[in-house]
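Engineer: Structure in structure tokens, see below.
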Amino acid sequence: MMNNTLQDEFETSDQRADATQIQSAKVSDEQVINWIKSRRSIGNLSIPAPTKRQLEAAIECAMSAPDHKKLQPWRFTVTQGQARHELGRALLAAAQAKALREGSELEERSAEKTLKMPLRAPVIITVVTRMRYHEKVPAFEQLLSSGAAVQNLILALQAQGFSTVWRTGPLANEPAVKSYFNVGAEDYITAFVYVGSSHCAMPARGDIDTQGFVTYQNGL
């Protein structure tokens, strides 16, 4: 969650700052970079949840992700309230079908846990990659574009003071779940983004060591 000082710099007392106001706040590059590095996934979330306006603002940010040939391969479904129970039933049906296919039986404890999974946050944003054929845009680029959209979504929600966790899991692309979200056989459920508020103090992220992960190539 963005600290109060930085959040105050991004917001006015009455409405979110526009581009001119953000510029006048003089948030430094270092502050923005450190804020992005402070992002943490938080598993159990509660109210308050984002308003419709806040969700739409975050989705607009998601849809500004890099998108080769402007295919817009992403789709978003916002699940909240009682609809979370319906999603839980779809996940349970998927788990039961998967167990049957594998020649096993879903234990009662696992069934109950699966049914209650969507209740761990007040809002779940399901991000789907809708694959489209294009001779210059291979499938992996469309999946990467959806991944970039999810990251933008998470950061935009964080900027508005909310916590998130990006989930998928073995049930995400099971037929019963795809059917629930009307996802085609060639398409993918890329993320379940759980969204809400966290009232626990998260430990600061340690220093990030890039050594061993980056190679610099310099021309003559």
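Identifiers in the structure tokens: chain A, B, ... in order shown; residue index from 1 per chain; ligand index from 1 in order shown.
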May I have a table of the residues of range 118-160 of chain A lying at most 7 Å from range 59-66 of chain A, giving each one's closest pair of atoms and their distance in Å to one decimal, counting only C-alpha atoms, ordered by chain and ascending residue number, as a tab-separated table?
Structural biologist:
residue	atom	partner	partner_atom	distance
A:Ser145	CA	A:Pro66	CA	5.9
A:Ala148	CA	A:Ala65	CA	5.6
A:Ala149	CA	A:Ala62	CA	4.2
A:Val150	CA	A:Ala62	CA	6.2
A:Asn152	CA	A:Ala62	CA	4.8
A:Leu153	CA	A:Ala62	CA	4.7
A:Ala156	CA	A:Cys61	CA	6.6
Engineer: I need the chosen residues saved as a compact mmCIF listing (two decimals), in the first residue's frame, with C-alpha atoms.
Structural biologist:
# COMPACT_ATOMS: atom_id res chain seq x y z
CA SER A 145 0.77 -8.19 -23.04
CA ALA A 148 1.87 -6.38 -18.45
CA ALA A 149 -1.79 -5.37 -18.15
CA VAL A 150 -2.06 -7.26 -14.86
CA ASN A 152 -0.36 -2.10 -14.50
CA LEU A 153 -3.66 -3.03 -12.86
CA ALA A 156 -2.84 1.36 -10.24
Engineer: Would you please work out which residue, of A:Ala90, A:Gln160, A:Glu108, A:Ala139, is nearest to Ser179 in chain A when using only C-alpha atoms?
Structural biologist: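 Among A:Ala90, A:Gln160, A:Glu108, A:Ala139, it is A:Ala90 that comes nearest to Ser179 in chain A.
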Engineer: At what distance in Å, to one decimal, does CA of Ile154 in chain A lie from CA of Ser41 in chain A?
Structural biologist: 9.6 Å
Engineer: For the strand (DSSP E or B) assignment from backbone DSSP, which residues of range 47-214 of chain A qualify? Please present them as a ChimeraX atom specification.
Structural biologist: /A:74-80,123-129,163-167,188-197
Engineer: Find the residues near Val183 in chain A: any atom within 12 Å, counting only C-alpha atoms, skip ones fewer than 4 places away on the same chain, and give them as a list of chain:residue names.
Structural biologist: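 The neighbour list is A:Trp74, A:Arg75, A:Phe76, A:Thr77, A:Thr126, A:Val127, A:Val128, A:Thr129, A:Arg130, A:Met131, A:Ala172, A:Asn173, A:Glu174, A:Pro175, A:Ala176, A:Val177, A:Lys178, A:Ser179, A:Asp187, A:Tyr188, A:Ile189, A:Thr190.
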Engineer: Measuring between only C-alpha atoms, which one of A:Gln31, A:Gln158, A:Lys69, A:Pro50 shows the shortest distance to Val123 in chain A?
Structural biologist: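 Closest candidate: A:Pro50.
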Engineer: Rank nothing, just name the residue among A:Lys98, A:Lys37, A:Ser197, A:Ala191 nearest to Leu157 in chain A, using only C-alpha atoms.
Structural biologist: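 Closest candidate: A:Ser197.
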Engineer: Could you pull out the residues in chain A that DSSP calls helix (DSSP H, G or I) from the backbone, as an MDAnalysis selection string?
Structural biologist: chainID A and resid 4:10 19:25 29:37 52:62 68:70 83:101 108:120 139:159 175:180
Engineer: Choose the residue, out of A:Ala111, A:Met117, A:Ala49, A:Ala57, that has the smallest atom-to-atom separation from Phe192 in chain A; count only C-alpha atoms.
Structural biologist: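 Of A:Ala111, A:Met117, A:Ala49, A:Ala57, the one nearest Phe192 in chain A, counting only C-alpha atoms, is A:Met117.
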Engineer: I'd like to know which of A:Ser163, A:Asn34, A:Ser104, A:Ser28 is closest to Ile208 in chain A, using only C-alpha atoms.
Structural biologist: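 Counting only C-alpha atoms, the residue closest to Ile208 in chain A is A:Asn34.
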Engineer: I'd like the interatomic distance between CA of Arg89 in chain A and CA of Ile42 in chain A, to a tenth of an Å.
Structural biologist: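 That distance, rounded to one decimal, is 23.6 Å.
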